[in-house]
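> Let me begin by handing over the structure; questions about it come next.
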Amino acid sequence: MQGNSKFTTDLKPVWCRGCGNFGLYAALTRNVFPSLGLEKDKIFVVSGIGCASRIPGYMDTYGLNGLHGRSLAIAQGAKLARPELTVLAVGGDGDFFSIGAGHLPHAVRRNFDITCIMVNNFVYALTKGQTSPTTPSAPPGDSTFLPSRSYPPVNPLLDMLSYSVSTEASFIAQSLSTDIPHLSRILTEAIAHPGFSLVGVLSPCVTFNPPHLFASIKDNASYLVEGEPVKLPETTGRNSWLHDPGDMAHAMALARIPITEMPFLGVLYRGAGPQ
Amino acid sequence: MQGNSKFTTDLKPVWCRGCGNFGLYAALTRNVFPSLGLEKDKIFVVSGIGCASRIPGYMDTYGLNGLHGRSLAIAQGAKLARPELTVLAVGGDGDFFSIGAGHLPHAVRRNFDITCIMVNNFVYALTKGQTSPTTPSAPPGDSTFLPSRSYPPVNPLLDMLSYSVSTEASFIAQSLSTDIPHLSRILTEAIAHPGFSLVGVLSPCVTFNPPHLFASIKDNASYLVEGEPVKLPETTGRNSWLHDPGDMAHAMALARIPITEMPFLGVLYRGAGPQ
Amino acid sequence: MVLLGSLLQRLAALQGYCGQMPRYYGAQIRGGATAIRLSFDIERPSLPHDIPDILVCFDFSQYHEIEDELGLGAKSAVLYDGLVPSHFLLPDTSLPVNFDEISQSITGSPRNKNIVALGTLARMLPLSMDDARAAIDEDGELRVVQRNLPAFLAGVELVDGLSLPVLELSPAADQRPRVLLHGNSAVAEGAVRAGCRAFFGYPITPASEIMQAMEEALGPLGGVYLQAEDEIASAGMVLGASLTGMRALTATSGPGLDLMTEMLGLASAAEIPMVIVDVQRGGPSTGIPSKSEQSDLGHAVCGGHGDAPRAVLAAWDIESCCRLASESVNIAEEFQTPVILLSDQWLGQTVIAVHEDMLKAGPALRQRKRPLGDHQGPYQRYAWSDDGISPMANVGDKGFTYQTSGLTHDEEGRPAFDFQAHQRCHEKRHRKLETLKDRHDLVKVMGAEDSRAGIIAWGSTAQVVIEVMYDLDLQKQVKICLPELLCPLPNKVQEFMDNLDTLLVVELDFSGQFHAYLRSCLELPARTRIYARAGGRPFSRTELAGVLTEFADAG
Amino acid sequence: MVLLGSLLQRLAALQGYCGQMPRYYGAQIRGGATAIRLSFDIERPSLPHDIPDILVCFDFSQYHEIEDELGLGAKSAVLYDGLVPSHFLLPDTSLPVNFDEISQSITGSPRNKNIVALGTLARMLPLSMDDARAAIDEDGELRVVQRNLPAFLAGVELVDGLSLPVLELSPAADQRPRVLLHGNSAVAEGAVRAGCRAFFGYPITPASEIMQAMEEALGPLGGVYLQAEDEIASAGMVLGASLTGMRALTATSGPGLDLMTEMLGLASAAEIPMVIVDVQRGGPSTGIPSKSEQSDLGHAVCGGHGDAPRAVLAAWDIESCCRLASESVNIAEEFQTPVILLSDQWLGQTVIAVHEDMLKAGPALRQRKRPLGDHQGPYQRYAWSDDGISPMANVGDKGFTYQTSGLTHDEEGRPAFDFQAHQRCHEKRHRKLETLKDRHDLVKVMGAEDSRAGIIAWGSTAQVVIEVMYDLDLQKQVKICLPELLCPLPNKVQEFMDNLDTLLVVELDFSGQFHAYLRSCLELPARTRIYARAGGRPFSRTELAGVLTEFADAG
Ligand SMILES: Cc1ncc(C[n+]2csc(CCOP(=O)(O)OP(=O)(O)O)c2C)c(N)n1
Ligand SMILES: Cc1ncc(C[n+]2csc(CCOP(=O)(O)OP(=O)(O)O)c2C)c(N)n1
Ligand code: SF4
Ligand code: SF4
Ligand SMILES: [Mg+2]
Ligand SMILES: [Mg+2]
């Protein structure tokens, strides 16, 4: 897969075969960067620590695989200092939602032109399978997913979408690493967006996720198309509406529907860049 | 003011005369603890660092004035280890929203029975007047409030309510430190609530806040009463509704109205305790 | 590979063999290069030798990633599957074995090649086949072998079929089955034995197994366990639980330890018992996460702003992982202080098979000094006393209350802003740890008592140094000092130095942190040499044999 | 009180007087006890004497909170307002003055008592009244005095009215006005002079003024300034900005430094220039935030897991705050390394009046080694070179790209997992800093060159030691070594030690961290004494006079 693009290095990714990170890698290096006409020496990819965070090493741009949870801090410093750079902050659900959860709302409110790519594989993969804040909890005894490791058990999972919707990120979208064309379109738009953009990439971990997780995500996925009716899960008992990414209240309503019930793919919200 | 309650120590608070923290102090020691019939040796007050965080020192309970931003971590450890304790985490807007912002959503989702009291004086007071995430930004040249100290300027302020609404804290309320009866009622209910409760206490800093800030907060305040119509700012152009703290969508709508436009006082949301 | 090693070690352990199985990882996330080494011993879990008798390799294309750490001798019997890279020189004793194919043909899948190889190795060692068969039928952990018994038997038969060499293995000292555990589980075991009932942590290689072991142990015990959102929170939760009287622990590795620095200072300042286990890995920064180094010493001892005294202990083998974990909990409780227990990747992830009773003799439980119910006047959380230790009420205890903070405080715990109070706080916190300097039992000295040539080492390095001393029969020529308590450093270490003409300091870190630390608090012999290098590859017997021989000869 | 001191210092500075004004705070948040001391000198900003000639006290009920740090002599002229507590013994030269009432009657508010007292003090010193009147009319900063001129004049008249003593003040060396600044603004000044154009920080006492000064300086310069959400983020942002080629700074105090530990390690591992200023306060933990201590040395030097080399510098007076801030930026850039500049509350918050040219002679700007445009083959971010320093492309530079991380890496910056690469990374990072050991200019030596009795001190303590040496005329008897570069420690310090029979180490921290550090890397004279105590009260001349005299006599 690598070597096909001027944006790749000759380093072989260490990811497991079939890992969702390959999809993100392909989307960025083969579609997104070329289609935006970016120069590789004007791209800076900062990541945290984790499987997803390995990505800068494989891209022939400026890249830093930094510290767990801190990509946004480093990215903001670089962007402020050199505004002509295209700055990406990439990491996992653990990076952005657990150890780095305190940086995200501040990056959002500053609204600098940074694209934050949160690779959500619902698990701590690099450290071999612990629960992350996005891990769906399993009833005790159900071994198909990770137990909620806590006494007493912790239930509700953190939903990055509602989290960032609440702080009103100026661009919020979600895609799937196995749908490379869709992911490429979303990322292209996110990078082109003049303010802070947050893209959640649902991404199978073939090693630590139970296979049914991604099967069900694909089955339940609802693609958002501007101006068309939104497909809602039946349980909501709500009438559908025409999708309007300019409407924060609608974005919030979408965000409140758990990912495990119906993951929305597309642009949830598109607001203004910094004034 | 102190010395009137069995819950006070003989230490004289170091707060400036007229500081809002005296209101919180009076509410807790004279009204809330007595009315809940709490034993002082079953209360643990953990705070961060800041003016508000000085409060444990003045209360004759178990208390720890810990580290800036970390009260929730310590509080959760104590509550898990000794569930019969009444555990309060107290701090400032800097404590919970800036340096400690990463801990709040996790405390929320764990939903342990802890009461988090966020004393919002819209400023870093103890360190003498820097902007906090809740500081309203002033147009350049307007010296009545703090300049937004940043190049480029950072505008949107973090709203703790929408932040915690988004992560669905199981009890969310706001009050005013100068309205001791209201504050006492709210805190009493918050402590009695069986899950995680978050109370924002709007609290004048007489030293670093411009006086007009609290005048306007009091003027614009809208008291929420269950079952009665909600007073909304005219700019929303929305119809009012009957206040129902059980409705998260309504809570979210309230939370999206900026505090500086209309601060809502009362219980915004009341959900379930941990299952 | 880890599975094969584990099964073989288990099979041997059930027949009474001790042994040690360190692990080695390459760069790949999963399915990449992994290796284990495995020793069998009849008495104790000795270190594997540098040159293996048998090497099994499933994939030479990955071998080179960790070849450096594995070693291969002209007489090693090499069994390999798949292609051999052309530049690669194999010893004459090498033989291709189609584990893959055999597994495929017998079980319908190549994935059971481990089981085939297990049979081959069990026979080559040789283990008793009757006992092995019985164990496979009875032992729950060997169920996977039972399910694939034909593969196992095919592996056994390979030995005769291919005329593979059969080694000579002394009979086990006794047939009592051995306990299997790695250093990380030994730490958890020790902590739980010492009454620890609360664990808060955040995953990090190579410490995560402590978290996992604590989760498994605390569930049934009704303890408290939580995976926190980060290391700052884990450490904070430990303090919260500890304040209520619970013995609480966290475990991490370098990067996490960095993040706990501020909490460590609070624990020291406010005198809150807390234990942090640091399973060291190659640093600085992310470094080499899956390999050992001893480079967190400086931070463990001096890390954090202000003068924040703490105790630092260091495990050096798996028995001491357990014992010193108990000791750490005890010291934290007795002295109301943070304690850092240093371990490392090698210790943490090496599995040993060991006599059960080796782990039995833990230290007795020590208690926090508690206030009497009938205290006069207001309770003074930080009351002065000769030993510097004040009676500590647990948060929630009936009849007491106190307020405290990381601020300088008076005896009642109220903030104080004057020099006298400040100086007294420092004095109290330092003084109470002074008595630890008399803990002679926490400094091991072995070798020639009268020798004037001494070697000092700590942590897993000490284990290699000791083995090599015995390998080379140097125990009549030199002596070794191995402090288990590093801070405050027991007086016994100075006594050791006082009787030396020459000293050799051996440590697995680039800059010689241990030497610098010793020098900062002791008088060292004028003729002191250091052998220090970066981690990333553990010391081998061969490497240290050279170093020790030279030292003993020159000494 | 701070206002009164500032105005008086300004008034005197405009007449050519140098001087130093340290600040003292009690526990109250605002409006509580505050005090300043103020010296006037015709040549240099000397330290105030322990016993003031004049003491003005507005409120004795708050005086006791900081009395400890202020000092009062039998001959001090005490002017006080309000009641004197009955137990309090005033010198005979004391006089009640109703500053409050006078202010009330003249300006309609007691709030201008400062201005009244200013008039009194200006007259007592005495300053030239003509020049003072002219300055009040012209100087923007003195506008508040101009607006309340009658109050000022009433204060002046009090001197005759009450027959207050008038001191003798030597005429200033020259009448050129002096620059007023505190150590924190001097640091900002130095950083900006050295080309620093980016600042990221988080408020903390006593470092916040650096943030403020940087904000003020960088706005007009079109620099980058941001108050981050915490210290981890500030440090991370510094690294981000620095990677793009901007010289970037952050400033904090102990607790914030703790939180930056992990980022510091990343900067060291990935060789990213970064400057952290640590304005030390009393520790551990929150400690005494508004008072000085020198107890962050251990962390500055050894803090952080792994072997993470960095440079550590220490300012000791306000001139060096400025000069060494420039130096720190230079070293960070030249050596691609994190640099910690240690200051402290005393230095940071003391305002000095000083000759403008004292600050002028900063070091020349040093540049990052940059790759040439025509590099052969792929750009090697971490190319080997004799001095250990590789050409660094800035992120965004045309024609280059590289990937790096805190992982052990090869010359191109790609992750490496083998021992050789790991050892080489360590070697490179350590080696490049070795040349700093030749920076003899960063070690000041004064006093009797041939003496075999030496004193060593660092930071603001050194300033007191030096003043006391001259006070006591000991400069013919002892010599003083004052390292400005603490890590790596220049060889010149060992040379200093080599010529001594006796050494005295003076430091303001309880455990003697400086002594331990020196011992860890140097051979110290056999007769070495330490004078160390907790901070919370700065060393006074009197206190150190005793210590130095005893040492000189015994030495
Ligand atoms: C301070 C710190 N704590 C812990 C770790 C260990 N660690 C590495 S990656 C990781 C989490 C990985 O999960 P995620 O961020 O979701 O990324 P993924 O591997 O799933 O892509 C952790 C905890 C670390 N590197 N640094
Ligand atoms: C790690 C750390 N960073 C910075 C500080 C300095 N500090 C003390 S209080 C405070 C902020 C105070 O603001 P807030 O939390 O809103 O409390 P307030 O004083 O306004 O009540 C800061 C930054 C600290 N104590 N610790
Ligand atoms: S462990 Fe999971 S996330 Fe990591 S590389 Fe393998 S498949 Fe991908
Ligand atoms: S500074 Fe403000 S918040 Fe702090 S004590 Fe004074 S009035 Fe209260
Ligand atoms: Mg993940
Ligand atoms: Mg505040």
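Chain labels A, B, ... are given in the sequence in which chains occur in the structure tokens; within each chain residues are numbered consecutively from 1, and ligands are likewise numbered from 1 in the order shown.
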May I ask you to extract the residues of chain D within 7 Å of chain C, using only C-alpha atoms, and to give them as a VMD selection string?
chain D and resid 26 to 27 254 to 255 258 to 259 261 to 262 265 to 266 269 282 to 288 295 to 296 298 to 299 302 to 308 406 to 408 417 to 419 422 to 423 426 510 to 511 516 to 517 519 to 521 534 to 537
> Using only C-alpha atoms, select each residue of chain A with any atom at most 7 Å away from an atom of chain D, and give the selection as a list of chain:residue names.
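The complete set of qualifying residues is A:Asp41, A:Lys42, A:Pro56, A:Gly57, A:Asp60, A:Thr61, A:Tyr62, A:Gly63, A:Leu64, A:Asn65, A:Gly66, A:Ala73, A:Ile74, A:Ala75, A:Gln76, A:Gly77, A:Ala78, A:Leu80, A:Ala81, A:Arg82, A:Leu85, A:His106.
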> What does the structure give for the distance between CA of Val84 (chain C) and CA of Ser61 (chain C), in Å to one decimal?
7.8 Å
> Please extract the residues at most 9 Å from ligand 1, counting only C-alpha atoms and all ligand atoms, and provide them as a VMD selection string, using the chain letters and residue numbers of this document.
(chain A and resid 21 48 to 54 67 to 69 91 to 99 118 to 134 205) or (chain C and resid 202 to 206 208 230 to 231 252 to 259 285 to 286 289) or (chain D and resid 262)
> Could you pull the residues within 10 Å of Ser216 (chain A), counting only C-alpha atoms, minus those fewer than 2 positions along the same chain, as a PyMOL selection string?
chain A and resi 211-214+218-221+260-263
> Write out as an mmCIF file with C-alpha atoms, in the first residue's frame the set of residues from region 337-432 of chain C that DSSP, computed on the backbone, places in strand (DSSP E).

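Ended up saving to selection.cif:
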```cif
data_model
loop_
_atom_site.group_PDB
_atom_site.id
_atom_site.type_symbol
_atom_site.label_atom_id
_atom_site.label_comp_id
_atom_site.auth_asym_id
_atom_site.auth_seq_id
_atom_site.Cartn_x
_atom_site.Cartn_y
_atom_site.Cartn_z
ATOM 1 C CA PRO C 338 5.402 7.884 49.616
ATOM 2 C CA VAL C 339 7.430 4.853 48.614
ATOM 3 C CA ILE C 340 8.697 4.090 45.148
ATOM 4 C CA LEU C 341 9.441 0.484 44.379
ATOM 5 C CA LEU C 342 11.670 0.130 41.343
ATOM 6 C CA SER C 343 11.367 -2.910 39.166
ATOM 7 C CA ASP C 344 12.126 -3.236 35.457
ATOM 8 C CA VAL C 351 8.207 -15.816 34.340
ATOM 9 C CA ILE C 352 9.811 -17.990 36.943
ATOM 10 C CA ALA C 353 8.972 -21.423 38.205
ATOM 11 C CA VAL C 354 9.806 -21.540 41.846
ATOM 12 C CA GLN C 403 -7.632 19.787 57.672
ATOM 13 C CA THR C 404 -4.408 19.548 55.790
ATOM 14 C CA SER C 405 -2.725 20.488 52.563
#
```
> Counting only C-alpha atoms, figure out which residue out of A:Ala190, A:Leu224, A:Val206, A:Ala107 gets nearest to chain B.
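Closest candidate: A:Ala107.
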> Determine which residues of region 27-260 of chain A receive a DSSP assignment of helix (DSSP H, G or I), computed from the backbone, and state them as a ChimeraX atom specification.
/A:27-36,40-42,52-58,71-81,93-99,104-110,160-166,180-192,211-220,234-236,248-255
